[in-house]
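Visitor: You'll find entry.cif just under this line, and it carries mmCIF, C-alpha atoms and all ligand atoms.
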```
data_target
#
loop_
_atom_site.label_atom_id
_atom_site.label_comp_id
_atom_site.auth_asym_id
_atom_site.auth_seq_id
_atom_site.Cartn_x
_atom_site.Cartn_y
_atom_site.Cartn_z
CA MET Z 1 18.18 20.64 -25.25
CA PRO Z 2 19.72 19.11 -22.08
CA THR Z 3 18.87 15.45 -21.50
CA ILE Z 4 18.24 13.67 -18.21
CA ARG Z 5 18.80 9.94 -18.46
CA VAL Z 6 16.72 7.88 -16.07
CA ALA Z 7 17.38 4.23 -15.20
CA PHE Z 8 13.88 2.87 -14.64
CA TYR Z 9 14.09 -0.21 -12.40
CA SER Z 10 11.43 -2.96 -11.93
CA SER Z 11 9.74 -1.90 -15.15
CA LYS Z 12 6.62 -3.67 -16.39
CA HIS Z 13 4.92 -3.18 -19.74
CA TYR Z 14 2.25 -0.96 -18.17
CA ASP Z 15 4.96 1.32 -16.76
CA VAL Z 16 6.63 1.59 -20.16
CA ASP Z 17 3.33 2.52 -21.83
CA SER Z 18 2.27 5.10 -19.26
CA PHE Z 19 5.69 6.70 -18.82
CA ASN Z 20 6.32 6.98 -22.56
CA ASP Z 21 2.88 8.57 -23.00
CA GLY Z 22 3.43 10.81 -19.97
CA VAL Z 23 6.81 12.07 -21.14
CA ALA Z 24 5.49 12.71 -24.64
CA SER Z 25 2.78 14.95 -23.19
CA ILE Z 26 5.11 17.06 -21.02
CA GLN Z 27 6.31 20.37 -22.42
CA SER Z 28 9.73 21.00 -20.97
CA ASP Z 29 13.11 22.51 -21.70
CA VAL Z 30 14.67 19.23 -20.67
CA LYS Z 31 14.48 15.95 -22.54
CA ILE Z 32 13.87 12.89 -20.38
CA GLU Z 33 15.18 9.56 -21.64
CA PHE Z 34 14.23 6.34 -19.88
CA THR Z 35 16.22 3.12 -19.89
CA TYR Z 36 13.66 0.52 -18.89
CA LEU Z 37 15.23 -2.19 -16.73
CA GLU Z 38 13.33 -5.27 -15.58
CA PRO Z 39 15.50 -6.11 -12.54
CA ARG Z 40 14.96 -4.54 -9.17
CA LEU Z 41 17.42 -2.03 -7.81
CA SER Z 42 19.81 -3.82 -5.47
CA THR Z 43 23.54 -4.12 -4.79
CA LYS Z 44 23.67 -6.54 -7.72
CA THR Z 45 21.98 -4.23 -10.23
CA VAL Z 46 23.18 -0.80 -9.12
CA ALA Z 47 25.85 -0.77 -11.88
CA LEU Z 48 23.06 -0.66 -14.49
CA ALA Z 49 22.48 2.96 -13.45
CA LYS Z 50 25.89 4.00 -14.84
CA ASP Z 51 25.58 6.94 -17.27
CA HIS Z 52 22.20 7.97 -15.81
CA GLU Z 53 21.59 11.10 -13.77
CA ALA Z 54 18.47 9.68 -12.14
CA VAL Z 55 16.81 6.42 -11.20
CA CYS Z 56 13.09 5.74 -11.01
CA ILE Z 57 12.14 3.02 -8.53
CA PHE Z 58 9.09 1.27 -7.09
CA VAL Z 59 7.97 -0.26 -3.79
CA ASN Z 60 10.25 -3.29 -3.71
CA ASP Z 61 13.41 -1.73 -5.08
CA ASN Z 62 16.08 -1.46 -2.44
CA ALA Z 63 17.77 1.88 -1.89
CA ASP Z 64 19.57 1.17 1.38
CA ALA Z 65 22.86 2.81 2.39
CA GLU Z 66 25.02 0.41 0.36
CA VAL Z 67 22.93 0.78 -2.80
CA LEU Z 68 22.86 4.57 -2.41
CA GLN Z 69 26.64 4.62 -2.14
CA GLY Z 70 26.75 2.59 -5.37
CA LEU Z 71 24.37 4.99 -7.08
CA LYS Z 72 26.49 7.95 -6.02
CA GLU Z 73 29.60 6.27 -7.42
CA VAL Z 74 28.01 5.79 -10.85
CA GLY Z 75 26.88 9.44 -10.90
CA VAL Z 76 23.20 9.29 -9.91
CA LYS Z 77 21.94 12.54 -8.36
CA PHE Z 78 18.20 12.00 -8.18
CA ILE Z 79 15.83 9.22 -7.11
CA ALA Z 80 12.20 9.40 -8.22
CA LEU Z 81 9.93 6.98 -6.39
CA ARG Z 82 6.85 6.09 -8.42
CA CYS Z 83 4.97 5.32 -5.20
CA ALA Z 84 3.83 7.16 -2.08
CA GLY Z 85 5.73 5.11 0.52
CA PHE Z 86 9.47 5.68 0.93
CA ASN Z 87 10.35 2.97 3.45
CA ASN Z 88 12.76 1.37 0.96
CA VAL Z 89 15.05 4.42 0.80
CA ASP Z 90 17.61 5.34 3.46
CA LEU Z 91 16.76 9.05 3.44
CA LYS Z 92 19.50 9.99 5.91
CA LYS Z 93 22.18 8.39 3.75
CA ALA Z 94 20.70 9.98 0.61
CA GLU Z 95 20.94 13.39 2.24
CA GLU Z 96 24.53 12.72 3.33
CA LEU Z 97 25.43 11.80 -0.26
CA GLY Z 98 23.56 14.78 -1.73
CA ILE Z 99 21.11 12.57 -3.66
CA VAL Z 100 17.69 14.19 -3.99
CA VAL Z 101 14.67 11.91 -3.39
CA ALA Z 102 11.12 12.56 -4.57
CA ARG Z 103 7.95 10.48 -4.21
CA VAL Z 104 4.35 10.58 -5.45
CA PRO Z 105 2.76 12.82 -2.84
CA ALA Z 106 -0.84 11.88 -3.63
CA TYR Z 107 -2.12 8.48 -4.74
CA SER Z 108 -5.59 9.48 -3.72
CA PRO Z 109 -8.32 8.85 -4.70
CA ASP Z 110 -7.28 5.55 -6.26
CA ALA Z 111 -5.80 3.93 -3.17
CA ALA Z 112 -8.63 5.17 -0.90
CA ILE Z 113 -11.31 3.81 -3.21
CA PHE Z 114 -9.46 0.51 -3.40
CA ALA Z 115 -9.33 0.37 0.42
CA VAL Z 116 -13.08 0.97 0.66
CA GLY Z 117 -13.62 -1.73 -1.99
CA MET Z 118 -11.49 -4.13 -0.01
CA ILE Z 119 -13.49 -3.45 3.16
CA LEU Z 120 -16.69 -4.17 1.24
CA ALA Z 121 -15.23 -7.29 -0.36
CA VAL Z 122 -14.31 -8.86 2.95
CA ILE Z 123 -17.37 -7.88 4.97
CA ARG Z 124 -19.83 -8.79 2.17
CA LYS Z 125 -17.69 -11.73 0.97
CA TYR Z 126 -17.49 -10.87 -2.73
CA HIS Z 127 -14.41 -13.06 -3.12
CA LYS Z 128 -16.23 -16.13 -1.79
CA ALA Z 129 -19.29 -15.48 -3.96
CA TYR Z 130 -17.11 -15.10 -7.07
CA ASN Z 131 -15.48 -18.52 -6.57
CA ARG Z 132 -18.72 -20.22 -5.59
CA VAL Z 133 -20.79 -19.07 -8.56
CA ARG Z 134 -18.07 -20.14 -11.01
CA GLU Z 135 -18.59 -23.68 -9.73
CA GLY Z 136 -22.36 -23.45 -10.13
CA ASN Z 137 -22.97 -23.11 -6.39
CA PHE Z 138 -25.59 -20.45 -5.67
CA LEU Z 139 -26.10 -21.29 -1.99
CA LEU Z 140 -25.99 -18.30 0.33
CA ASP Z 141 -24.80 -20.24 3.38
CA GLY Z 142 -21.61 -18.74 4.74
CA LEU Z 143 -22.10 -15.45 2.88
CA LEU Z 144 -23.78 -13.54 5.70
CA GLY Z 145 -22.26 -10.09 5.84
CA PHE Z 146 -22.70 -7.06 8.03
CA ASN Z 147 -23.50 -3.43 7.45
CA ILE Z 148 -20.96 -0.62 7.41
CA LYS Z 149 -23.59 1.83 8.57
CA GLN Z 150 -23.96 0.08 11.90
CA SER Z 151 -20.19 -0.26 12.28
CA THR Z 152 -17.36 1.71 13.76
CA VAL Z 153 -14.43 1.98 11.38
CA GLY Z 154 -11.04 2.86 12.84
CA LEU Z 155 -8.50 4.53 10.56
CA ILE Z 156 -4.85 4.40 11.54
CA GLY Z 157 -3.33 7.31 9.66
CA THR Z 158 -5.27 10.25 8.29
CA GLY Z 159 -3.07 11.62 5.53
CA LYS Z 160 -4.43 11.95 2.02
CA ILE Z 161 -5.58 8.34 1.62
CA GLY Z 162 -6.82 7.83 5.19
CA LEU Z 163 -8.88 11.03 5.17
CA LEU Z 164 -10.50 10.23 1.84
CA THR Z 165 -11.24 6.68 2.97
CA GLY Z 166 -12.85 8.16 6.08
CA LYS Z 167 -14.82 10.64 4.03
CA ILE Z 168 -16.24 7.91 1.79
CA LEU Z 169 -17.11 5.68 4.75
CA SER Z 170 -18.57 8.44 6.88
CA CYS Z 171 -20.32 10.66 4.33
CA GLY Z 172 -21.09 7.92 1.80
CA PHE Z 173 -21.91 4.90 3.96
CA GLY Z 174 -22.88 6.56 7.23
CA ALA Z 175 -20.32 4.65 9.28
CA ASN Z 176 -19.11 5.87 12.63
CA VAL Z 177 -15.50 6.69 11.76
CA VAL Z 178 -12.81 7.13 14.39
CA ALA Z 179 -9.14 7.77 13.67
CA TYR Z 180 -5.71 7.84 15.21
CA ASP Z 181 -2.82 9.89 13.85
CA PRO Z 182 0.07 11.45 15.79
CA TYR Z 183 -0.30 14.45 13.43
CA PRO Z 184 -4.07 14.85 13.21
CA ASN Z 185 -5.81 16.95 10.58
CA LYS Z 186 -8.62 18.09 12.86
CA GLU Z 187 -10.20 20.57 10.48
CA MET Z 188 -10.73 18.13 7.59
CA ALA Z 189 -11.62 15.24 9.89
CA GLU Z 190 -14.33 17.30 11.54
CA LYS Z 191 -15.81 18.21 8.16
CA PHE Z 192 -16.12 14.51 7.33
CA GLY Z 193 -17.48 13.52 10.74
CA ILE Z 194 -14.28 11.65 11.66
CA LYS Z 195 -13.48 11.68 15.37
CA TYR Z 196 -9.91 11.44 16.63
CA VAL Z 197 -9.29 9.01 19.49
CA GLY Z 198 -6.20 7.47 21.06
CA LEU Z 199 -4.81 4.29 19.51
CA ASP Z 200 -5.92 2.13 22.46
CA GLU Z 201 -9.45 3.50 22.18
CA LEU Z 202 -9.52 2.94 18.43
CA LEU Z 203 -8.43 -0.67 18.83
CA ALA Z 204 -11.06 -1.31 21.50
CA GLN Z 205 -13.96 0.38 19.65
CA SER Z 206 -13.55 -0.54 16.00
CA ASP Z 207 -15.43 -3.27 14.15
CA ILE Z 208 -13.23 -2.61 11.11
CA ILE Z 209 -9.67 -1.28 11.21
CA SER Z 210 -8.00 0.11 8.10
CA LEU Z 211 -4.31 1.05 7.96
CA HIS Z 212 -3.23 4.24 6.17
CA CYS Z 213 0.10 5.17 7.71
CA PRO Z 214 3.58 4.85 6.23
CA LEU Z 215 6.06 2.15 7.15
CA THR Z 216 8.80 3.72 9.26
CA PRO Z 217 11.21 2.02 11.68
CA GLU Z 218 8.84 3.06 14.52
CA ASN Z 219 5.74 1.71 12.75
CA LYS Z 220 7.11 -1.75 11.97
CA TYR Z 221 4.69 -4.30 13.46
CA LEU Z 222 2.39 -1.53 14.67
CA ILE Z 223 -0.20 -4.30 14.62
CA ASN Z 224 1.34 -7.02 16.76
CA GLU Z 225 0.03 -9.70 19.11
CA ASN Z 226 -0.59 -7.23 21.96
CA ARG Z 227 -2.49 -4.79 19.76
CA ILE Z 228 -4.54 -7.58 18.23
CA GLY Z 229 -5.37 -8.61 21.80
CA GLN Z 230 -6.75 -5.10 22.40
CA MET Z 231 -9.11 -5.36 19.42
CA LYS Z 232 -12.77 -6.35 19.52
CA GLN Z 233 -13.66 -10.02 19.16
CA GLY Z 234 -14.49 -10.51 15.46
CA VAL Z 235 -12.64 -7.44 14.19
CA VAL Z 236 -12.04 -6.99 10.45
CA LEU Z 237 -8.58 -5.78 9.48
CA VAL Z 238 -7.65 -4.17 6.15
CA ASN Z 239 -4.14 -3.18 5.13
CA THR Z 240 -3.56 -1.32 1.88
CA SER Z 241 -0.51 0.57 3.15
CA ARG Z 242 2.65 -1.46 3.73
CA GLY Z 243 2.97 -5.12 4.70
CA ALA Z 244 5.37 -4.79 7.62
CA LEU Z 245 2.91 -2.62 9.54
CA ILE Z 246 1.48 -6.00 10.57
CA ASP Z 247 3.29 -8.89 12.24
CA THR Z 248 1.93 -11.59 9.94
CA LYS Z 249 2.51 -14.43 12.41
CA ALA Z 250 0.43 -12.58 15.03
CA LEU Z 251 -2.22 -11.99 12.35
CA ILE Z 252 -2.40 -15.70 11.56
CA LYS Z 253 -2.71 -16.49 15.28
CA GLY Z 254 -5.57 -13.99 15.56
CA LEU Z 255 -7.30 -15.57 12.56
CA LYS Z 256 -6.89 -19.12 13.87
CA GLU Z 257 -8.29 -18.14 17.27
CA GLY Z 258 -11.26 -16.40 15.64
CA LYS Z 259 -10.34 -13.07 17.20
CA ILE Z 260 -10.05 -11.64 13.70
CA LYS Z 261 -13.14 -12.28 11.58
CA ALA Z 262 -11.71 -11.34 8.21
CA VAL Z 263 -8.68 -9.72 6.62
CA GLY Z 264 -8.14 -7.77 3.43
CA MET Z 265 -4.56 -7.11 2.43
CA ASP Z 266 -3.05 -5.52 -0.66
CA VAL Z 267 0.42 -5.66 0.86
CA TYR Z 268 2.45 -8.28 2.68
CA GLU Z 269 5.61 -7.93 4.74
CA LYS Z 270 7.66 -10.28 2.53
CA GLU Z 271 5.96 -9.28 -0.72
CA SER Z 272 9.24 -8.39 -2.43
CA GLU Z 273 9.92 -12.10 -2.88
CA VAL Z 274 6.62 -12.88 -4.64
CA PHE Z 275 4.61 -9.86 -5.70
CA PHE Z 276 4.68 -8.43 -9.25
CA GLU Z 277 5.82 -11.79 -10.65
CA ASP Z 278 3.97 -14.77 -12.11
CA GLY Z 279 4.64 -17.63 -9.70
CA SER Z 280 1.82 -19.81 -10.99
CA GLU Z 281 4.18 -22.46 -12.39
CA LYS Z 282 6.32 -22.58 -9.25
CA VAL Z 283 5.88 -24.11 -5.81
CA MET Z 284 5.29 -21.36 -3.27
CA GLN Z 285 8.25 -21.25 -0.90
CA ASP Z 286 6.78 -18.77 1.58
CA ASP Z 287 4.90 -20.92 4.12
CA VAL Z 288 3.50 -17.91 5.96
CA LEU Z 289 1.95 -16.46 2.81
CA ALA Z 290 0.72 -19.93 1.82
CA ARG Z 291 -1.03 -20.21 5.21
CA LEU Z 292 -2.60 -16.77 4.77
CA ILE Z 293 -3.87 -17.65 1.30
CA SER Z 294 -5.43 -20.83 2.71
CA PHE Z 295 -7.88 -18.90 4.94
CA ASN Z 296 -11.26 -18.48 3.29
CA ASN Z 297 -11.80 -15.24 5.22
CA VAL Z 298 -8.64 -13.58 3.93
CA PHE Z 299 -8.64 -11.62 0.69
CA ILE Z 300 -5.21 -10.86 -0.73
CA SER Z 301 -4.30 -8.75 -3.74
CA GLY Z 302 -0.80 -8.12 -5.02
CA HIS Z 303 -0.20 -4.42 -4.24
CA GLN Z 304 -2.56 -2.96 -6.82
CA ALA Z 305 -4.34 -0.16 -4.95
CA PHE Z 306 -2.38 2.45 -6.94
CA LEU Z 307 -2.95 0.85 -10.33
CA THR Z 308 -5.42 2.84 -12.40
CA THR Z 309 -5.09 4.48 -15.79
CA GLU Z 310 -5.98 7.86 -14.33
CA VAL Z 311 -3.47 7.86 -11.50
CA CYS Z 312 -0.89 9.99 -13.26
CA THR Z 313 -3.31 12.62 -14.46
CA MET Z 314 -6.01 12.99 -11.83
CA ARG Z 315 -5.86 15.56 -9.08
CA TYR Z 316 -8.33 15.25 -6.26
CA THR Z 317 -9.27 17.88 -3.75
CA LEU Z 318 -10.64 16.98 -0.37
CA THR Z 319 -13.77 19.02 0.08
CA ASN Z 320 -16.63 18.87 2.52
CA CYS Z 321 -19.14 16.00 2.51
P1 LIG Z 401 0.34 10.58 3.83
O1 LIG Z 401 1.79 10.88 4.01
O2 LIG Z 401 -0.54 11.61 3.19
O3 LIG Z 401 -0.32 10.19 5.24
C1 LIG Z 401 0.22 9.30 6.15
C2 LIG Z 401 -0.36 9.65 7.53
O4 LIG Z 401 0.03 8.61 8.44
C3 LIG Z 401 0.17 10.98 8.10
O5 LIG Z 401 -0.91 11.81 8.47
C4 LIG Z 401 1.00 10.55 9.31
O6 LIG Z 401 0.96 11.50 10.36
C5 LIG Z 401 0.28 9.25 9.68
N1 LIG Z 401 1.06 8.36 10.56
C6 LIG Z 401 2.40 8.17 10.62
N2 LIG Z 401 2.69 7.28 11.57
C7 LIG Z 401 1.52 6.92 12.15
C8 LIG Z 401 1.18 6.02 13.20
N3 LIG Z 401 2.09 5.31 13.87
N4 LIG Z 401 -0.13 5.86 13.50
C9 LIG Z 401 -1.09 6.57 12.84
N5 LIG Z 401 -0.82 7.44 11.85
C10 LIG Z 401 0.48 7.59 11.50
O7 LIG Z 401 0.31 9.22 3.00
P2 LIG Z 401 -0.87 8.67 2.06
O8 LIG Z 401 -0.72 9.23 0.69
O9 LIG Z 401 -2.16 8.82 2.76
O10 LIG Z 401 -0.46 7.13 1.98
C11 LIG Z 401 -0.41 6.31 3.14
C12 LIG Z 401 0.39 5.07 2.85
O11 LIG Z 401 -0.32 4.25 1.93
C13 LIG Z 401 1.73 5.34 2.14
O12 LIG Z 401 2.75 5.61 3.08
C14 LIG Z 401 1.97 4.06 1.40
O13 LIG Z 401 2.77 3.21 2.21
C15 LIG Z 401 0.59 3.45 1.22
N6 LIG Z 401 0.14 3.37 -0.19
C16 LIG Z 401 -0.13 2.15 -0.73
C17 LIG Z 401 -0.57 2.06 -2.04
C18 LIG Z 401 -0.89 0.71 -2.68
O14 LIG Z 401 -0.86 0.60 -3.90
N7 LIG Z 401 -1.20 -0.31 -1.88
C19 LIG Z 401 -0.77 3.22 -2.82
C20 LIG Z 401 -0.49 4.45 -2.24
C21 LIG Z 401 -0.04 4.53 -0.91
#
```
For the structure just supplied, provide its representation as structure tokens.
Ligand code: NAD
Guide:
Amino acid sequence: MPTIRVAFYSSKHYDVDSFNDGVASIQSDVKIEFTYLEPRLSTKTVALAKDHEAVCIFVNDNADAEVLQGLKEVGVKFIALRCAGFNNVDLKKAEELGIVVARVPAYSPDAAIFAVGMILAVIRKYHKAYNRVREGNFLLDGLLGFNIKQSTVGLIGTGKIGLLTGKILSCGFGANVVAYDPYPNKEMAEKFGIKYVGLDELLAQSDIISLHCPLTPENKYLINENRIGQMKQGVVLVNTSRGALIDTKALIKGLKEGKIKAVGMDVYEKESEVFFEDGSEKVMQDDVLARLISFNNVFISGHQAFLTTEVCTMRYTLTNC
């Protein structure tokens, strides 16, 4: 039986468990053999892919032009991203070199449900209540929330995750959901009661804004100081997509000025330096992240929206409300 050897970068114990189980359950004419590597893919670690036909990488592995050239030289023909976003791969260079790239086309419903949970957490202040009760403080002062039903939620991006998030918020919670997407899915959106508007209109109308678009060179800092200025006073912003969609310094300014009431973020623009590692015994070197963490109205998680046991096996169909 032919064997495909896969260099599996940035591996964690949960990856090893799920991929070994997954491969064991696949019936195929090809044997897949993983070499689990803890380091990230970079110019320094590209040589570890020698003698492998494929590499499997995650959100913070770097597959820029130089790394791709290195992969080509050691014989890699295929890159499998175990994530939906592909902002860390130079697709043009990969095509030039004849390296095939694949990604996970559907992380729904897990990431959509996580996004809805994050919206609830920040507007109903679950994170504050959790800390308070652990210290024996049952006061409700400072925990006043607001209702999704009376709110307008603006979705930026209505692909698989954005649409499902909109469906849950509209059909499940009764929110007024508006959306912006340069490639709208009018049929599905209409079924879920989601109304397409222009980006300027979305920014001006929304009480809560949730990001569900990919990070591309054009989308970097989609949410910048100007766009924050266009938002409602007291807007809530949630980002479960990619960190660099938001200019973090502008976000901090908006929080300090009170323009932004609360933030939920599962991703951060410089996350590759801190996320997926235990830094609890170290002094945090990233002053911007440290400032963000210091806000009591900011809820940060370490890129976990995708992380469920079912993610590899579940298929979800978008149907009517
Ligand atoms: P998708 O490809 O199905 O949909 C993305 C949508 O964004 C498309 O409809 C596209 O037209 C739209 N879009 C592109 N540029 C836009 C812009 N400037 N403004 C508005 N819309 C724009 O992707 P998906 O599966 O829904 O995932 C969305 C993103 O979520 C991924 O790209 C990934 O970065 C992120 N993600 C994060 C996690 C996590 O664990 N935090 C998990 C899965 C996905």
Visitor: Within 7 Å of ligand LIG 401 (chain Z), counting all atoms listed in the file, which protein or nucleic acid residues do you find, written as a PyMOL selection string?
Guide: chain Z and resi 83-85+105-108+111+156-162+180-184+212-215+219+222+240-242+266-267+303-307
Visitor: Quick one: residues within 6 Å of Arg40 (chain Z), only C-alpha atoms counted, chain neighbours fewer than 6 positions away excluded, as a PyMOL selection string?
Guide: chain Z and resi 9-10+61
Visitor: If I wrap all listed atoms of region 257-271 of chain Z in a box with edges along x, y and z and add 6 Å on each side, what are its centre and edge lengths in Å to one decimal, as AutoDock Vina command-line options?
Guide:
```
--center_x -2.7 --center_y -11.8 --center_z 8.3 --size_x 32.8 --size_y 24.6 --size_z 30.0
```
Visitor: Rounded to one decimal, what separation in Å do you get between CA of Glu38 (chain Z) and CA of Glu310 (chain Z)?
Guide: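 Interatomic distance, CA of Glu38 (chain Z) to CA of Glu310 (chain Z): 23.4 Å.
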Visitor: Near Gly229 (chain Z), within 10 Å and counting all atoms listed in the file, which residues show up once chain neighbours fewer than 2 positions away are dropped, as a list of chain:residue names?
Guide: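 Contacts, in chain order: Z:Leu203, Z:Ala204, Z:Ile223, Z:Asn224, Z:Glu225, Z:Asn226, Z:Arg227, Z:Met231, Z:Lys232, Z:Gln233, Z:Ala250, Z:Gly254, Z:Lys259, Z:Ile260.
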Visitor: For a quick check of understanding, using only C-alpha atoms, which of Z:Pro109, Z:Gly154, Z:Gly166, Z:Gly145 has the smallest distance to Ala189 (chain Z)?
Guide: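 Of Z:Pro109, Z:Gly154, Z:Gly166, Z:Gly145, the one nearest Ala189 (chain Z), counting only C-alpha atoms, is Z:Gly166.
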Visitor: In Å, rounded to a single decimal, give me how far CA of Glu66 (chain Z) is from CA of Thr35 (chain Z).
Guide: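 It comes out at 22.2 Å.
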Visitor: Mind giving me the straight-line distance from CA of Pro2 (chain Z) to CA of Asp51 (chain Z) in Å, one decimal?
Guide: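 The value is 14.3 Å.
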Visitor: Pick the closest to Asn296 (chain Z) from Z:Ser206, Z:Ser272, Z:Thr248, Z:Asn131: which is it, counting only C-alpha atoms?
Guide: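 Residue with the minimum atom-to-atom distance to Asn296 (chain Z): Z:Asn131.
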Visitor: For Ser210 (chain Z), which residue among Z:Ile246, Z:Ala115, Z:Ile123, Z:Gly142 is the nearest when counting all atoms listed in the file?
Guide: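 Among the listed residues, the smallest separation from Ser210 (chain Z) belongs to Z:Ala115.
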Visitor: Which is closest to Lys270 (chain Z) among Z:Asn176, Z:Asn60, Z:Leu237, Z:Ile113, if we use all atoms listed in the file?
Guide: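 Residue with the minimum atom-to-atom distance to Lys270 (chain Z): Z:Asn60.
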